[in-house]
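Some notes on the structure that comes next.
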Amino acid sequence: MISFITSVYEGEKYLDRFLLSMTHVEDIEKSEVVLIVNKTKTYKKDLDIIKKYINKLKLNVLLSEPEPIYLSWNKGIKEAKNNLIANANLDDVIYPNYIKVMTKLVEKYKKTSLFCGWDHLLTKEDVLFNSSIDIKSSHKSTYNRSFLEGKVGFINLQDCLQRCYLGCHPVWKKQLHEKYGYFSNDFGTSGDYEFWTRCISNGERAYCTSEIIGGYFFNPSGLSTTENALRESAFHDLKIRHKYKI
């Protein structure tokens, strides 16, 4: 089914919660989780956590020297055994319905190569660590969540130049990398946005459903959410829009 690509960089704080939440994803036994473990000072602690899930998840563990996240993703994609790829960050949540929703879209829209859905915006860390989080509770206001809403339907280049509609948890066909290369490290934390735009500008189709498939944690100390990172991301987004403008 799907190969989930996850970069692990000093992941001790979130790794156990992340792997536990992945065991709750329906049909996860038919998919794999590719973990690219960066060999930082604490990487052996990461490996100890991963060992707990060897018999609970289909894991493919790769070791890497410390590197930017998109270079880790590229390594994981090359080693992925499935034809469908998804990224899964340690401080986000993949909801239990994810695989069923996304594979249904792939089957329905056979000529489409990129797929996405909507996410909840999680602003409180205690919600993130709630191991009972599931799709049923996600539709309630129990946790005071807001939505990261995208459009519904096909996403064209004009849409893509307005914002990154592919969101936090897209699925894409591995063959895209054979056609258009891999993620670039030249666009800061907007490397995924650049790749989606690259594909769509070359005629690939993207589709977004309004079904809620995950939770995005707005981590105030995350790689892409500090004040400096947000400024840098805005700069790179402008570069991307200029590069692919119609």
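Simple scheme: letters A, B, ... for chains in structure tokens order, numbers from 1 for residues in each chain, numbers from 1 for ligands in the order shown.
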* To do: Would you kindly return, as a PyMOL selection string, each protein, DNA or RNA residue with an atom no farther than 7 Å from any atom of segment 3-10 of chain A, considering only C-alpha atoms and excluding same-chain residues fewer than 6 positions away?
  => chain A and resi 31-38+40+42-43+69+72-73+76-77+80-82+84-89
Print the selection's residues with C-alpha atoms to a file, as an mmCIF file, in the first residue's frame.
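Saved to result28.cif:
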data_model
loop_
_atom_site.group_PDB
_atom_site.id
_atom_site.type_symbol
_atom_site.label_atom_id
_atom_site.label_comp_id
_atom_site.auth_asym_id
_atom_site.auth_seq_id
_atom_site.Cartn_x
_atom_site.Cartn_y
_atom_site.Cartn_z
ATOM 1 C CA SER A 31 2.091 -0.544 4.628
ATOM 2 C CA GLU A 32 5.602 0.254 5.811
ATOM 3 C CA VAL A 33 7.136 3.031 7.880
ATOM 4 C CA VAL A 34 10.570 4.087 6.624
ATOM 5 C CA LEU A 35 12.533 5.743 9.431
ATOM 6 C CA ILE A 36 15.656 7.686 8.491
ATOM 7 C CA VAL A 37 17.505 7.977 11.797
ATOM 8 C CA ASN A 38 20.048 10.787 11.847
ATOM 9 C CA THR A 40 23.057 12.666 16.331
ATOM 10 C CA THR A 42 21.037 10.916 21.015
ATOM 11 C CA TYR A 43 20.323 8.584 18.103
ATOM 12 C CA ILE A 69 15.021 16.781 6.242
ATOM 13 C CA SER A 72 16.499 12.233 4.474
ATOM 14 C CA TRP A 73 13.164 12.012 2.666
ATOM 15 C CA GLY A 76 13.734 6.997 2.334
ATOM 16 C CA ILE A 77 11.868 7.305 -0.967
ATOM 17 C CA ALA A 80 10.575 2.547 -0.252
ATOM 18 C CA LYS A 81 9.029 -0.767 -1.279
ATOM 19 C CA ASN A 82 5.582 0.572 -2.224
ATOM 20 C CA LEU A 84 2.589 5.136 -2.991
ATOM 21 C CA ILE A 85 4.572 7.514 -0.775
ATOM 22 C CA ALA A 86 3.505 9.666 2.178
ATOM 23 C CA ASN A 87 5.489 11.798 4.605
ATOM 24 C CA ALA A 88 4.788 11.538 8.313
ATOM 25 C CA ASN A 89 6.439 13.965 10.723
#
* Asked: Could you pull the residues within 6 Å of Pro96 of chain A, counting only C-alpha atoms, minus those fewer than 4 positions along the same chain, as a ChimeraX atom specification?
  -> /A:24-26
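Across the model, the gap from atom CA of Met102 of chain A to atom CA of Asn60 of chain A is 21.5 Å.
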* Asked: Expressed in Å to a single decimal, how great is the separation between atom CA of Val93 of chain A and atom CA of Phe18 of chain A?
  -> 7.1 Å
* Spatial neighbours of Ile94 of chain A, 10 Å, only C-alpha atoms, chain gap at least 4 places, as a ChimeraX atom specification -> /A:18,21-22,24-25,87-90,98-99,119,134-135,168-169,212-216
* Backbone DSSP call of alpha helix (DSSP H) for segment 67-134 of chain A, listed as a ChimeraX atom specification -> /A:69-79,98-108,125-128
* Using only C-alpha atoms, determine which residues lie at most 8 Å from Ser190 of chain A, disregarding the query and same-chain residues fewer than 6 positions distant; provide the list as a ChimeraX atom specification. => /A:233,236-237
* To do: Could you tell me, as a ChimeraX atom specification, which residues of chain A DSSP assigns to strand (DSSP E or B) when given the backbone?
  => /A:2-8,32-38,59-64,84-87,93-94,114-122,146-148,153-155,171-173,206-217
Any chance you can output those residues with C-alpha atoms as a PDB file, in the first residue's frame?
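out-v8.pdb was written with the following content:
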ATOM      1  CA  ILE A   2       1.828   3.112   1.290  1.00  0.00           C
ATOM      2  CA  SER A   3       5.407   3.782   2.357  1.00  0.00           C
ATOM      3  CA  PHE A   4       5.418   6.434   5.097  1.00  0.00           C
ATOM      4  CA  ILE A   5       8.675   8.408   5.090  1.00  0.00           C
ATOM      5  CA  THR A   6       9.809   9.839   8.432  1.00  0.00           C
ATOM      6  CA  SER A   7      13.003  11.693   9.281  1.00  0.00           C
ATOM      7  CA  VAL A   8      14.150  11.079  12.876  1.00  0.00           C
ATOM      8  CA  GLU A  32       5.602   0.254   5.811  1.00  0.00           C
ATOM      9  CA  VAL A  33       7.136   3.031   7.880  1.00  0.00           C
ATOM     10  CA  VAL A  34      10.570   4.087   6.624  1.00  0.00           C
ATOM     11  CA  LEU A  35      12.533   5.743   9.431  1.00  0.00           C
ATOM     12  CA  ILE A  36      15.656   7.686   8.491  1.00  0.00           C
ATOM     13  CA  VAL A  37      17.505   7.977  11.797  1.00  0.00           C
ATOM     14  CA  ASN A  38      20.048  10.787  11.847  1.00  0.00           C
ATOM     15  CA  LEU A  59       9.610  -0.840   9.840  1.00  0.00           C
ATOM     16  CA  ASN A  60      12.468  -0.068   7.470  1.00  0.00           C
ATOM     17  CA  VAL A  61      15.173   1.676   9.503  1.00  0.00           C
ATOM     18  CA  LEU A  62      17.958   3.579   7.739  1.00  0.00           C
ATOM     19  CA  LEU A  63      20.893   5.276   9.453  1.00  0.00           C
ATOM     20  CA  SER A  64      22.218   8.564   8.135  1.00  0.00           C
ATOM     21  CA  LEU A  84       2.589   5.136  -2.991  1.00  0.00           C
ATOM     22  CA  ILE A  85       4.572   7.514  -0.775  1.00  0.00           C
ATOM     23  CA  ALA A  86       3.505   9.666   2.178  1.00  0.00           C
ATOM     24  CA  ASN A  87       5.489  11.798   4.605  1.00  0.00           C
ATOM     25  CA  VAL A  93      -0.741  12.726  13.749  1.00  0.00           C
ATOM     26  CA  ILE A  94      -1.846  10.388  10.975  1.00  0.00           C
ATOM     27  CA  LEU A 114      -0.958  13.582  -5.991  1.00  0.00           C
ATOM     28  CA  PHE A 115      -3.636  13.376  -3.297  1.00  0.00           C
ATOM     29  CA  CYS A 116      -4.365  15.251  -0.100  1.00  0.00           C
ATOM     30  CA  GLY A 117      -7.035  15.888   2.521  1.00  0.00           C
ATOM     31  CA  TRP A 118      -7.776  18.290   5.330  1.00  0.00           C
ATOM     32  CA  ASP A 119      -6.049  18.373   8.700  1.00  0.00           C
ATOM     33  CA  HIS A 120      -6.806  19.544  12.182  1.00  0.00           C
ATOM     34  CA  LEU A 121      -4.560  22.284  13.508  1.00  0.00           C
ATOM     35  CA  LEU A 122      -3.325  21.123  16.916  1.00  0.00           C
ATOM     36  CA  SER A 146      -9.460  24.456  14.110  1.00  0.00           C
ATOM     37  CA  PHE A 147      -9.116  23.141  10.577  1.00  0.00           C
ATOM     38  CA  LEU A 148      -6.383  23.496   7.999  1.00  0.00           C
ATOM     39  CA  GLY A 153     -11.443  18.806  -6.062  1.00  0.00           C
ATOM     40  CA  PHE A 154      -8.581  19.081  -8.509  1.00  0.00           C
ATOM     41  CA  ILE A 155      -5.703  21.457  -7.819  1.00  0.00           C
ATOM     42  CA  VAL A 171       0.139  10.821  -0.821  1.00  0.00           C
ATOM     43  CA  TRP A 172       1.937  10.697  -4.134  1.00  0.00           C
ATOM     44  CA  LYS A 173       3.009   8.091  -6.662  1.00  0.00           C
ATOM     45  CA  ALA A 206      -3.592  16.619  -7.897  1.00  0.00           C
ATOM     46  CA  TYR A 207      -6.825  16.007  -5.991  1.00  0.00           C
ATOM     47  CA  CYS A 208      -7.943  17.141  -2.535  1.00  0.00           C
ATOM     48  CA  THR A 209     -10.732  15.607  -0.430  1.00  0.00           C
ATOM     49  CA  SER A 210     -12.460  17.394   2.438  1.00  0.00           C
ATOM     50  CA  GLU A 211     -12.122  14.313   4.638  1.00  0.00           C
ATOM     51  CA  ILE A 212      -9.979  14.942   7.710  1.00  0.00           C
ATOM     52  CA  ILE A 213      -6.963  12.658   7.565  1.00  0.00           C
ATOM     53  CA  GLY A 214      -4.582  13.966  10.211  1.00  0.00           C
ATOM     54  CA  GLY A 215      -3.510  16.544  12.711  1.00  0.00           C
ATOM     55  CA  TYR A 216      -0.802  19.158  12.206  1.00  0.00           C
ATOM     56  CA  PHE A 217       0.866  20.281  15.420  1.00  0.00           C
TER      57      PHE A 217
END
